[in-house]
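coords12.cif, holding mmCIF, C-alpha atoms:
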```cif
data_entry
loop_
_atom_site.group_PDB
_atom_site.id
_atom_site.type_symbol
_atom_site.label_atom_id
_atom_site.label_comp_id
_atom_site.auth_asym_id
_atom_site.auth_seq_id
_atom_site.Cartn_x
_atom_site.Cartn_y
_atom_site.Cartn_z
ATOM 1 C CA MET A 1 35.061 -80.438 -106.423
ATOM 2 C CA ASN A 2 36.605 -77.092 -107.253
ATOM 3 C CA ILE A 3 40.052 -76.041 -106.200
ATOM 4 C CA TYR A 4 42.157 -73.002 -107.011
ATOM 5 C CA ILE A 5 45.549 -73.556 -108.614
ATOM 6 C CA ASN A 6 47.649 -70.412 -108.812
ATOM 7 C CA GLY A 7 44.477 -68.371 -108.563
ATOM 8 C CA GLU A 8 42.586 -70.213 -111.306
ATOM 9 C CA ILE A 9 39.607 -72.358 -110.482
ATOM 10 C CA GLN A 10 39.727 -75.979 -111.657
ATOM 11 C CA ALA A 11 37.062 -78.680 -111.451
ATOM 12 C CA LEU A 12 38.528 -81.997 -110.302
ATOM 13 C CA THR A 13 37.218 -85.380 -109.266
ATOM 14 C CA SER A 14 37.229 -85.871 -105.511
ATOM 15 C CA ASN A 15 39.624 -88.040 -103.503
ATOM 16 C CA LEU A 16 42.729 -86.787 -105.251
ATOM 17 C CA SER A 17 45.999 -86.496 -103.370
ATOM 18 C CA ILE A 18 48.428 -83.650 -103.943
ATOM 19 C CA GLN A 19 50.698 -86.184 -105.632
ATOM 20 C CA ASP A 20 47.858 -87.081 -108.029
ATOM 21 C CA LEU A 21 47.401 -83.406 -108.781
ATOM 22 C CA VAL A 22 51.054 -82.679 -109.541
ATOM 23 C CA ASN A 23 51.201 -85.795 -111.738
ATOM 24 C CA LYS A 24 48.116 -84.576 -113.590
ATOM 25 C CA LEU A 25 49.621 -81.099 -114.062
ATOM 26 C CA ASP A 26 52.573 -82.768 -115.772
ATOM 27 C CA LEU A 27 55.224 -80.595 -114.168
ATOM 28 C CA GLY A 28 57.927 -83.054 -115.132
ATOM 29 C CA ASN A 29 61.145 -82.597 -113.197
ATOM 30 C CA LYS A 30 60.490 -78.955 -112.494
ATOM 31 C CA ARG A 31 61.782 -77.592 -109.271
ATOM 32 C CA TYR A 32 58.910 -75.980 -107.394
ATOM 33 C CA ALA A 33 57.435 -75.527 -103.936
ATOM 34 C CA LEU A 34 53.793 -75.992 -103.111
ATOM 35 C CA GLU A 35 51.515 -74.220 -100.685
ATOM 36 C CA LEU A 36 48.177 -75.583 -99.541
ATOM 37 C CA ASN A 37 45.907 -72.872 -98.169
ATOM 38 C CA GLN A 38 48.841 -70.546 -97.530
ATOM 39 C CA ALA A 39 50.910 -73.104 -95.623
ATOM 40 C CA ILE A 40 53.968 -74.856 -97.028
ATOM 41 C CA LEU A 41 53.333 -78.454 -97.882
ATOM 42 C CA PRO A 42 56.605 -80.430 -97.756
ATOM 43 C CA ARG A 43 57.153 -82.786 -100.682
ATOM 44 C CA SER A 44 57.199 -85.726 -98.279
ATOM 45 C CA LEU A 45 53.499 -85.126 -97.564
ATOM 46 C CA TYR A 46 52.201 -84.980 -101.155
ATOM 47 C CA ASN A 47 51.091 -88.621 -101.144
ATOM 48 C CA GLU A 48 49.222 -88.577 -97.887
ATOM 49 C CA THR A 49 47.518 -85.196 -98.312
ATOM 50 C CA THR A 50 44.052 -85.276 -99.859
ATOM 51 C CA LEU A 51 42.538 -82.317 -101.660
ATOM 52 C CA ASN A 52 39.296 -80.833 -100.417
ATOM 53 C CA ASP A 53 36.724 -78.667 -102.140
ATOM 54 C CA GLY A 54 37.762 -75.015 -102.086
ATOM 55 C CA ASP A 55 41.454 -75.700 -101.393
ATOM 56 C CA ARG A 56 43.885 -73.100 -102.639
ATOM 57 C CA ILE A 57 47.110 -74.404 -104.123
ATOM 58 C CA GLU A 58 50.065 -72.252 -105.059
ATOM 59 C CA ILE A 59 52.854 -73.770 -107.142
ATOM 60 C CA ILE A 60 55.896 -71.526 -107.048
ATOM 61 C CA HIS A 61 59.213 -71.620 -108.829
ATOM 62 C CA ALA A 62 62.390 -69.582 -109.216
ATOM 63 C CA VAL A 63 62.482 -66.691 -111.698
ATOM 64 C CA GLY A 64 64.973 -63.962 -112.476
ATOM 65 C CA GLY A 65 65.221 -61.254 -109.847
ATOM 66 C CA GLY A 66 67.649 -58.976 -108.063
ATOM 67 C CA MET B 1 96.364 -62.621 -99.706
ATOM 68 C CA SER B 2 93.242 -64.375 -98.501
ATOM 69 C CA ASP B 3 90.473 -61.899 -97.784
ATOM 70 C CA PRO B 4 87.229 -63.822 -97.655
ATOM 71 C CA LEU B 5 83.772 -62.380 -97.124
ATOM 72 C CA ILE B 6 82.172 -64.172 -94.201
ATOM 73 C CA ILE B 7 78.402 -64.146 -93.799
ATOM 74 C CA ALA B 8 76.862 -66.228 -91.029
ATOM 75 C CA ASN B 9 79.973 -68.426 -90.794
ATOM 76 C CA ARG B 10 79.960 -69.105 -94.522
ATOM 77 C CA GLN B 11 82.985 -68.014 -96.465
ATOM 78 C CA PHE B 12 83.060 -66.496 -99.955
ATOM 79 C CA ASP B 13 86.006 -65.492 -102.126
ATOM 80 C CA SER B 14 83.968 -63.061 -104.211
ATOM 81 C CA ARG B 15 82.459 -59.949 -102.670
ATOM 82 C CA LEU B 16 80.118 -59.426 -105.603
ATOM 83 C CA MET B 17 76.537 -60.664 -105.442
ATOM 84 C CA VAL B 18 74.429 -60.608 -108.565
ATOM 85 C CA GLY B 19 70.775 -60.799 -109.513
ATOM 86 C CA THR B 20 69.202 -62.780 -112.323
ATOM 87 C CA GLY B 21 66.510 -60.367 -113.520
ATOM 88 C CA LYS B 22 66.190 -58.381 -116.759
ATOM 89 C CA TYR B 23 68.488 -60.517 -118.919
ATOM 90 C CA LYS B 24 67.633 -61.277 -122.545
ATOM 91 C CA ASP B 25 67.438 -64.992 -121.799
ATOM 92 C CA LEU B 26 68.723 -67.605 -119.392
ATOM 93 C CA GLN B 27 71.801 -68.284 -121.509
ATOM 94 C CA GLU B 28 72.882 -64.672 -121.161
ATOM 95 C CA THR B 29 72.098 -64.778 -117.438
ATOM 96 C CA GLN B 30 74.364 -67.773 -117.047
ATOM 97 C CA GLU B 31 77.237 -66.277 -119.044
ATOM 98 C CA ALA B 32 77.117 -62.927 -117.276
ATOM 99 C CA ILE B 33 77.041 -64.493 -113.842
ATOM 100 C CA LYS B 34 79.962 -66.705 -114.700
ATOM 101 C CA ALA B 35 81.923 -63.682 -115.952
ATOM 102 C CA SER B 36 81.136 -61.765 -112.757
ATOM 103 C CA GLY B 37 82.850 -64.355 -110.583
ATOM 104 C CA ALA B 38 79.986 -63.991 -108.087
ATOM 105 C CA GLU B 39 79.269 -66.881 -105.753
ATOM 106 C CA ILE B 40 76.005 -65.544 -104.312
ATOM 107 C CA VAL B 41 73.111 -65.175 -106.734
ATOM 108 C CA THR B 42 69.683 -63.681 -106.060
ATOM 109 C CA PHE B 43 66.413 -64.700 -107.644
ATOM 110 C CA ALA B 44 62.676 -64.193 -107.134
ATOM 111 C CA LEU B 45 59.733 -66.528 -106.521
ATOM 112 C CA ARG B 46 56.617 -66.469 -108.657
ATOM 113 C CA ARG B 47 53.776 -68.717 -109.746
ATOM 114 C CA ILE B 48 54.521 -71.416 -112.319
ATOM 115 C CA ASN B 49 52.539 -71.002 -115.538
ATOM 116 C CA ILE B 50 50.439 -74.133 -115.319
ATOM 117 C CA GLY B 51 50.155 -75.885 -118.661
ATOM 118 C CA GLN B 52 52.927 -73.918 -120.328
ATOM 119 C CA GLU B 53 55.856 -74.943 -118.206
ATOM 120 C CA LYS B 54 56.673 -78.506 -119.055
ATOM 121 C CA ASP B 55 59.454 -77.895 -121.536
ATOM 122 C CA GLN B 56 60.321 -74.341 -120.584
ATOM 123 C CA PRO B 57 63.789 -74.006 -119.122
ATOM 124 C CA ASN B 58 63.895 -72.887 -115.533
ATOM 125 C CA LEU B 59 66.335 -70.478 -113.936
ATOM 126 C CA LEU B 60 67.699 -73.187 -111.639
ATOM 127 C CA ASP B 61 68.611 -75.336 -114.669
ATOM 128 C CA PHE B 62 71.002 -72.561 -115.726
ATOM 129 C CA ILE B 63 72.117 -71.313 -112.320
ATOM 130 C CA SER B 64 72.466 -74.448 -110.273
ATOM 131 C CA PRO B 65 72.272 -74.384 -106.474
ATOM 132 C CA LYS B 66 75.159 -76.852 -106.653
ATOM 133 C CA ASP B 67 77.406 -74.163 -108.156
ATOM 134 C CA TYR B 68 76.146 -71.032 -106.413
ATOM 135 C CA THR B 69 74.863 -69.947 -103.024
ATOM 136 C CA MET B 70 71.310 -69.049 -103.889
ATOM 137 C CA LEU B 71 69.796 -65.974 -102.290
ATOM 138 C CA PRO B 72 66.026 -65.973 -102.803
ATOM 139 C CA ASN B 73 64.515 -62.512 -102.453
ATOM 140 C CA THR B 74 61.146 -61.231 -101.291
ATOM 141 C CA ALA B 75 60.928 -58.666 -104.091
ATOM 142 C CA GLY B 76 57.375 -57.568 -104.758
ATOM 143 C CA CYS B 77 56.343 -57.980 -101.111
ATOM 144 C CA TYR B 78 54.855 -54.892 -99.461
ATOM 145 C CA ASN B 79 54.240 -56.372 -95.999
ATOM 146 C CA ALA B 80 55.867 -58.693 -93.474
ATOM 147 C CA ILE B 81 53.304 -61.483 -93.871
ATOM 148 C CA ASP B 82 53.907 -61.879 -97.609
ATOM 149 C CA ALA B 83 57.664 -61.700 -97.109
ATOM 150 C CA VAL B 84 57.726 -64.407 -94.426
ATOM 151 C CA ARG B 85 55.515 -66.608 -96.590
ATOM 152 C CA THR B 86 57.848 -66.102 -99.554
ATOM 153 C CA CYS B 87 60.873 -67.096 -97.456
ATOM 154 C CA GLN B 88 59.170 -70.282 -96.314
ATOM 155 C CA ILE B 89 58.419 -71.183 -99.937
ATOM 156 C CA ALA B 90 62.051 -70.502 -100.814
ATOM 157 C CA ARG B 91 63.294 -72.776 -98.048
ATOM 158 C CA GLU B 92 61.089 -75.611 -99.291
ATOM 159 C CA LEU B 93 62.157 -74.982 -102.892
ATOM 160 C CA LEU B 94 65.840 -75.145 -101.962
ATOM 161 C CA ASP B 95 65.556 -78.108 -99.570
ATOM 162 C CA GLY B 96 66.127 -76.206 -96.360
ATOM 163 C CA HIS B 97 68.600 -73.594 -97.576
ATOM 164 C CA ASP B 98 68.320 -70.707 -95.142
ATOM 165 C CA PHE B 99 69.955 -67.631 -96.755
ATOM 166 C CA ILE B 100 67.316 -65.113 -97.794
ATOM 167 C CA LYS B 101 67.308 -61.538 -98.992
ATOM 168 C CA LEU B 102 64.569 -59.706 -97.124
ATOM 169 C CA GLU B 103 63.229 -56.868 -99.222
ATOM 170 C CA ILE B 104 59.923 -55.225 -98.331
ATOM 171 C CA LEU B 105 59.005 -52.325 -100.539
ATOM 172 C CA GLY B 106 57.188 -49.123 -99.658
ATOM 173 C CA ASP B 107 56.035 -47.814 -103.015
ATOM 174 C CA THR B 108 56.369 -48.633 -106.677
ATOM 175 C CA LYS B 109 57.944 -45.344 -107.731
ATOM 176 C CA THR B 110 61.011 -45.330 -105.489
ATOM 177 C CA LEU B 111 61.081 -49.006 -104.436
ATOM 178 C CA PHE B 112 62.342 -47.685 -101.127
ATOM 179 C CA PRO B 113 62.009 -50.213 -98.313
ATOM 180 C CA ASN B 114 59.119 -50.138 -95.873
ATOM 181 C CA VAL B 115 61.305 -50.238 -92.794
ATOM 182 C CA ILE B 116 58.504 -50.870 -90.283
ATOM 183 C CA GLU B 117 57.418 -54.024 -92.073
ATOM 184 C CA THR B 118 61.066 -54.963 -92.655
ATOM 185 C CA LEU B 119 61.758 -54.885 -88.899
ATOM 186 C CA LYS B 120 58.674 -57.013 -88.194
ATOM 187 C CA ALA B 121 59.588 -59.575 -90.838
ATOM 188 C CA ALA B 122 63.242 -59.689 -89.781
ATOM 189 C CA GLU B 123 62.230 -60.611 -86.230
ATOM 190 C CA LEU B 124 59.925 -63.389 -87.387
ATOM 191 C CA LEU B 125 62.459 -64.785 -89.852
ATOM 192 C CA VAL B 126 65.388 -64.765 -87.423
ATOM 193 C CA LYS B 127 63.218 -66.643 -84.886
ATOM 194 C CA ASP B 128 62.437 -69.142 -87.631
ATOM 195 C CA ASN B 129 66.201 -69.747 -88.141
ATOM 196 C CA PHE B 130 66.568 -67.962 -91.465
ATOM 197 C CA LYS B 131 69.837 -66.202 -92.229
ATOM 198 C CA VAL B 132 68.510 -62.784 -93.139
ATOM 199 C CA LEU B 133 70.408 -60.455 -95.470
ATOM 200 C CA VAL B 134 68.295 -57.334 -95.308
ATOM 201 C CA TYR B 135 67.692 -54.604 -97.882
ATOM 202 C CA THR B 136 67.183 -51.337 -96.052
ATOM 203 C CA THR B 137 67.514 -47.580 -96.219
ATOM 204 C CA ASP B 138 70.821 -45.883 -95.448
ATOM 205 C CA ASP B 139 69.671 -45.008 -91.913
ATOM 206 C CA PRO B 140 72.493 -46.045 -89.530
ATOM 207 C CA ILE B 141 70.147 -46.353 -86.537
ATOM 208 C CA LEU B 142 67.832 -48.700 -88.340
ATOM 209 C CA ALA B 143 70.789 -50.672 -89.685
ATOM 210 C CA LYS B 144 71.989 -51.217 -86.122
ATOM 211 C CA GLN B 145 68.530 -52.321 -85.016
ATOM 212 C CA LEU B 146 68.355 -54.850 -87.842
ATOM 213 C CA GLU B 147 71.743 -56.180 -86.763
ATOM 214 C CA GLU B 148 70.575 -56.424 -83.137
ATOM 215 C CA ILE B 149 67.529 -58.394 -84.240
ATOM 216 C CA GLY B 150 69.955 -60.921 -85.730
ATOM 217 C CA CYS B 151 70.214 -60.111 -89.430
ATOM 218 C CA VAL B 152 73.472 -61.554 -90.802
ATOM 219 C CA ALA B 153 74.145 -58.787 -93.337
ATOM 220 C CA ILE B 154 72.888 -55.225 -93.694
ATOM 221 C CA MET B 155 72.246 -54.151 -97.279
ATOM 222 C CA PRO B 156 71.566 -50.430 -97.590
ATOM 223 C CA LEU B 157 70.603 -48.876 -100.897
ATOM 224 C CA ALA B 158 73.069 -46.456 -102.476
ATOM 225 C CA ALA B 159 70.367 -45.065 -104.801
ATOM 226 C CA PRO B 160 66.959 -46.421 -105.877
ATOM 227 C CA ILE B 161 66.797 -49.983 -107.252
ATOM 228 C CA GLY B 162 67.521 -50.049 -110.977
ATOM 229 C CA SER B 163 68.335 -46.318 -111.090
ATOM 230 C CA GLY B 164 72.054 -46.660 -111.821
ATOM 231 C CA LEU B 165 72.637 -43.331 -110.084
ATOM 232 C CA GLY B 166 75.710 -44.541 -108.195
ATOM 233 C CA ILE B 167 76.607 -44.040 -104.541
ATOM 234 C CA GLN B 168 74.474 -41.056 -103.487
ATOM 235 C CA ASN B 169 74.965 -41.369 -99.738
ATOM 236 C CA ARG B 170 78.637 -41.932 -98.994
ATOM 237 C CA TYR B 171 78.524 -40.527 -95.472
ATOM 238 C CA HIS B 172 75.482 -42.529 -94.469
ATOM 239 C CA ILE B 173 77.034 -45.716 -95.836
ATOM 240 C CA ARG B 174 80.205 -44.889 -93.875
ATOM 241 C CA PHE B 175 78.201 -44.392 -90.648
ATOM 242 C CA ILE B 176 76.562 -47.792 -91.139
ATOM 243 C CA ILE B 177 79.928 -49.477 -91.724
ATOM 244 C CA GLU B 178 81.504 -47.829 -88.667
ATOM 245 C CA ASN B 179 78.685 -49.156 -86.449
ATOM 246 C CA ALA B 180 78.266 -52.607 -87.919
ATOM 247 C CA LYS B 181 79.603 -55.916 -86.648
ATOM 248 C CA VAL B 182 78.057 -57.826 -89.561
ATOM 249 C CA PRO B 183 78.890 -57.362 -93.253
ATOM 250 C CA VAL B 184 77.518 -54.266 -94.978
ATOM 251 C CA ILE B 185 76.629 -54.838 -98.609
ATOM 252 C CA VAL B 186 75.526 -52.012 -100.890
ATOM 253 C CA ASP B 187 72.370 -53.278 -102.519
ATOM 254 C CA ALA B 188 70.896 -51.151 -105.288
ATOM 255 C CA GLY B 189 71.979 -48.031 -107.107
ATOM 256 C CA VAL B 190 75.228 -49.063 -108.776
ATOM 257 C CA GLY B 191 75.333 -48.079 -112.471
ATOM 258 C CA THR B 192 78.843 -48.806 -113.633
ATOM 259 C CA ALA B 193 82.165 -50.182 -112.447
ATOM 260 C CA SER B 194 83.417 -47.002 -110.754
ATOM 261 C CA ASP B 195 80.291 -46.964 -108.544
ATOM 262 C CA ALA B 196 81.100 -50.450 -107.313
ATOM 263 C CA ALA B 197 84.710 -49.445 -106.680
ATOM 264 C CA ILE B 198 83.562 -46.412 -104.674
ATOM 265 C CA ALA B 199 81.325 -48.611 -102.521
ATOM 266 C CA MET B 200 84.256 -50.890 -101.771
ATOM 267 C CA GLU B 201 86.625 -47.966 -101.122
ATOM 268 C CA LEU B 202 84.154 -46.726 -98.509
ATOM 269 C CA GLY B 203 84.713 -49.999 -96.683
ATOM 270 C CA CYS B 204 81.650 -51.957 -97.749
ATOM 271 C CA ASP B 205 82.075 -55.701 -97.448
ATOM 272 C CA GLY B 206 80.423 -56.324 -100.797
ATOM 273 C CA VAL B 207 78.050 -55.083 -103.458
ATOM 274 C CA LEU B 208 74.840 -56.620 -104.777
ATOM 275 C CA MET B 209 73.718 -55.588 -108.246
ATOM 276 C CA ASN B 210 71.490 -56.682 -111.092
ATOM 277 C CA THR B 211 70.454 -53.933 -113.501
ATOM 278 C CA ALA B 212 73.947 -52.467 -113.919
ATOM 279 C CA ILE B 213 75.019 -55.747 -115.500
ATOM 280 C CA ALA B 214 71.797 -56.921 -117.126
ATOM 281 C CA GLU B 215 71.031 -53.596 -118.824
ATOM 282 C CA ALA B 216 74.576 -52.960 -120.045
ATOM 283 C CA LYS B 217 74.905 -53.165 -123.832
ATOM 284 C CA ASN B 218 77.256 -56.093 -123.260
ATOM 285 C CA PRO B 219 76.242 -57.695 -119.974
ATOM 286 C CA VAL B 220 78.996 -60.313 -119.985
ATOM 287 C CA LEU B 221 81.700 -57.674 -120.372
ATOM 288 C CA MET B 222 80.118 -55.462 -117.721
ATOM 289 C CA ALA B 223 79.965 -58.445 -115.379
ATOM 290 C CA ARG B 224 83.712 -58.868 -115.706
ATOM 291 C CA ALA B 225 84.232 -55.120 -115.233
ATOM 292 C CA MET B 226 82.283 -55.334 -111.976
ATOM 293 C CA GLN B 227 84.416 -58.203 -110.769
ATOM 294 C CA TYR B 228 87.547 -56.098 -111.345
ATOM 295 C CA ALA B 229 85.958 -52.999 -109.820
ATOM 296 C CA LEU B 230 85.197 -54.812 -106.593
ATOM 297 C CA LEU B 231 88.707 -56.232 -106.413
ATOM 298 C CA ALA B 232 90.254 -52.816 -107.098
ATOM 299 C CA GLY B 233 87.991 -51.021 -104.632
ATOM 300 C CA ARG B 234 88.603 -53.590 -101.916
ATOM 301 C CA ASP B 235 92.376 -53.464 -102.328
ATOM 302 C CA ALA B 236 92.297 -49.660 -102.327
ATOM 303 C CA TYR B 237 90.294 -49.699 -99.095
ATOM 304 C CA LEU B 238 92.686 -52.149 -97.428
ATOM 305 C CA ALA B 239 95.730 -50.265 -98.744
ATOM 306 C CA GLY B 240 94.492 -47.000 -97.240
ATOM 307 C CA ARG B 241 94.309 -44.018 -99.511
ATOM 308 C CA MET B 242 96.672 -41.014 -99.406
ATOM 309 C CA PRO B 243 95.422 -37.872 -97.686
ATOM 310 C CA LYS B 244 93.756 -35.235 -99.823
ATOM 311 C CA ARG B 245 95.493 -31.852 -99.868
ATOM 312 C CA PRO B 246 94.389 -28.624 -101.520
ATOM 313 C CA TYR B 247 97.625 -27.839 -103.346
ATOM 314 C CA ALA B 248 100.145 -29.793 -105.412
ATOM 315 C CA SER B 249 102.944 -31.917 -104.003
ATOM 316 C CA ALA B 250 105.773 -32.663 -106.457
ATOM 317 C CA SER B 251 106.391 -36.328 -107.189
ATOM 318 C CA SER B 252 109.908 -35.754 -108.578
ATOM 319 C CA THR B 253 112.474 -34.778 -105.968
ATOM 320 C CA THR B 254 113.269 -31.111 -105.635
ATOM 321 C CA GLU B 255 116.926 -31.982 -104.759
ATOM 322 C CA GLY B 256 119.762 -32.067 -107.328
ATOM 323 C CA TYR B 257 118.485 -29.585 -109.844
ATOM 324 C CA PHE B 258 121.136 -28.876 -112.548
ATOM 325 C CA PHE B 259 119.185 -26.062 -114.209
#
```

Spell out the structure here as structure tokens.
Amino acid sequence: MNIYINGEIQALTSNLSIQDLVNKLDLGNKRYALELNQAILPRSLYNETTLNDGDRIEIIHAVGGG
Amino acid sequence: MSDPLIIANRQFDSRLMVGTGKYKDLQETQEAIKASGAEIVTFALRRINIGQEKDQPNLLDFISPKDYTMLPNTAGCYNAIDAVRTCQIARELLDGHDFIKLEILGDTKTLFPNVIETLKAAELLVKDNFKVLVYTTDDPILAKQLEEIGCVAIMPLAAPIGSGLGIQNRYHIRFIIENAKVPVIVDAGVGTASDAAIAMELGCDGVLMNTAIAEAKNPVLMARAMQYALLAGRDAYLAGRMPKRPYASASSTTEGYFF
């Protein structure tokens, strides 16, 4: 299946959870928030949420700003 | 004398709020913010660089939410929908923290706020229990409307963002302060310490700045200067300035001349 991560298309095997995806992306202990199809996905739901073909994921973090 | 700044029932000793953009690196950001004495720190939200991020330091490693009240902004948003979405991401990122700086821009040249979209977003965010500190124009009517919607601080610009032009609208800022029941924070336009002092002498409750510190030749020193400027300006405001008069008034007594 294909999903979009921060606007870039990625081919992934099916039946992955969000938790599987963030493990695979190797984000370490980074502090970030994740959106699934433009809705916030709380961290507590990463395990039970399964990715579907065409899903759009945004992984957002803090940067300098005023 | 205790003179705290109170925003939405939260109390702060410092009236200076600082941004985290435009610094040379995160080390410098950290040092400057420490030197400023600020307790409220703004930042922006952007996509992580997938694949390049693992060992890259993150802003929040240097400016910890344990040490500072974080104020995520909606900079870069040009409509209410994007701004509300950004605030929801911020709340998740900061584990439910609800202070946000609402900033919806109108164009890239002036970075003036789009006030129509700002009003729409403010209503949605207040209903969603955010504590909204709102960047706006210096229009006193609009400022009052934003307060009535439930914004917890009104943050008019004093000059365009990043311009360093200083306080260009003293009367308008005064009108906003006279009308407001929530804190008024000058957000944008300050270039150097005297500008910050002027804002405080006008009766502002605080000043938010980024570029004036980050683009100084020595940001850490300028950060300290800003801390002093706010303290001086605040005390001068509370002390009440002398009246202006057109002609001189001798300071040495005119009694007891021996010449």

Checklist entry - Written as a ChimeraX atom specification, what is the full residue list that the PyMOL selection byres ((chain A and resi 63) around 9) yields on the file shown? => result /A:61-62,64-65 /B:20-21,43-46,58-60

Next on the checklist: If the cut-off is 10 Å, can you tell me the residues of chain B near chain A, counting all atoms listed in the file? I'd like them as number ranges by chain.
Outcome noted: B: 17-23, 25-26, 29, 41-61, 71-75, 85-86, 88-95, 101, 161-162, 187-188, 208-211

Suppose we keep C-alpha atoms; can you now write the selection as a compact mmCIF listing (two decimals), keeping the file's coordinate frame?
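And here's out-v9.txt as it stands now:
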```txt
# COMPACT_ATOMS: atom_id res chain seq x y z
CA MET B 17 76.54 -60.66 -105.44
CA VAL B 18 74.43 -60.61 -108.56
CA GLY B 19 70.78 -60.80 -109.51
CA THR B 20 69.20 -62.78 -112.32
CA GLY B 21 66.51 -60.37 -113.52
CA LYS B 22 66.19 -58.38 -116.76
CA TYR B 23 68.49 -60.52 -118.92
CA ASP B 25 67.44 -64.99 -121.80
CA LEU B 26 68.72 -67.60 -119.39
CA THR B 29 72.10 -64.78 -117.44
CA VAL B 41 73.11 -65.18 -106.73
CA THR B 42 69.68 -63.68 -106.06
CA PHE B 43 66.41 -64.70 -107.64
CA ALA B 44 62.68 -64.19 -107.13
CA LEU B 45 59.73 -66.53 -106.52
CA ARG B 46 56.62 -66.47 -108.66
CA ARG B 47 53.78 -68.72 -109.75
CA ILE B 48 54.52 -71.42 -112.32
CA ASN B 49 52.54 -71.00 -115.54
CA ILE B 50 50.44 -74.13 -115.32
CA GLY B 51 50.16 -75.89 -118.66
CA GLN B 52 52.93 -73.92 -120.33
CA GLU B 53 55.86 -74.94 -118.21
CA LYS B 54 56.67 -78.51 -119.06
CA ASP B 55 59.45 -77.90 -121.54
CA GLN B 56 60.32 -74.34 -120.58
CA PRO B 57 63.79 -74.01 -119.12
CA ASN B 58 63.90 -72.89 -115.53
CA LEU B 59 66.33 -70.48 -113.94
CA LEU B 60 67.70 -73.19 -111.64
CA ASP B 61 68.61 -75.34 -114.67
CA LEU B 71 69.80 -65.97 -102.29
CA PRO B 72 66.03 -65.97 -102.80
CA ASN B 73 64.52 -62.51 -102.45
CA THR B 74 61.15 -61.23 -101.29
CA ALA B 75 60.93 -58.67 -104.09
CA ARG B 85 55.52 -66.61 -96.59
CA THR B 86 57.85 -66.10 -99.55
CA GLN B 88 59.17 -70.28 -96.31
CA ILE B 89 58.42 -71.18 -99.94
CA ALA B 90 62.05 -70.50 -100.81
CA ARG B 91 63.29 -72.78 -98.05
CA GLU B 92 61.09 -75.61 -99.29
CA LEU B 93 62.16 -74.98 -102.89
CA LEU B 94 65.84 -75.14 -101.96
CA ASP B 95 65.56 -78.11 -99.57
CA LYS B 101 67.31 -61.54 -98.99
CA ILE B 161 66.80 -49.98 -107.25
CA GLY B 162 67.52 -50.05 -110.98
CA ASP B 187 72.37 -53.28 -102.52
CA ALA B 188 70.90 -51.15 -105.29
CA LEU B 208 74.84 -56.62 -104.78
CA MET B 209 73.72 -55.59 -108.25
CA ASN B 210 71.49 -56.68 -111.09
CA THR B 211 70.45 -53.93 -113.50
```

Item to check | Chain and number of each residue from the PyMOL selection byres ((chain B and resi 129) around 12), as an MDAnalysis selection string | outcome: chainID B and resid 8 84 87:88 91 96:100 122:128 130:132 150:152

Item to check | Residues selected by the PyMOL selection byres ((chain B and resi 172) around 12), written as an MDAnalysis selection string | outcome: chainID B and resid 137:143 156:159 167:171 173:179 184 186 199 202 204

Next on the checklist: Between CA of Ile9 in chain A and CA of Leu45 in chain A, what distance in Å does the model show, to one decimal?
Outcome noted: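 Going from CA of Ile9 in chain A over to CA of Leu45 in chain A covers 22.9 Å.
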
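Counting from CA of Gln30 in chain B, the distance to CA of Arg224 in chain B is 13.0 Å.
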
Checklist entry - Nearest to Thr13 in chain A: which of A:Thr50, A:Asn37, A:Ser44, A:Arg56 is it, counting all atoms listed in the file? => result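 Residue with the minimum atom-to-atom distance to Thr13 in chain A: A:Thr50.
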
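The space between CA of Gly164 in chain B and CA of Gly189 in chain B spans 4.9 Å.
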
Around all of range 13-18 of chain A's listed atoms, make the axis-aligned box with 6 Å on each side and tell me centre and edge lengths in Å to one decimal, as lines of an AutoDock Vina configuration file.
```
center_x = 42.8
center_y = -85.8
center_z = -106.3
size_x = 23.2
size_y = 16.4
size_z = 17.9
```

Checklist entry - For the point (51.2, -91.0, -101.3) in file coordinates, what residues are within 10 Å, counting only C-alpha atoms? Give the answer as a PyMOL selection string? => result chain A and resi 17-20+44-50

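Closest approach to Val190 in chain B among B:Ile149, B:Leu231, B:Leu16, B:Leu221: B:Leu16, based on all atoms listed in the file.
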
Next on the checklist: Let me make sure I understand: among B:Pro183, B:Leu230, B:Ala250, B:Ala216, which one has the smallest atom-to-atom distance to Ile6 in chain B if we use all atoms listed in the file?
Outcome noted: B:Pro183
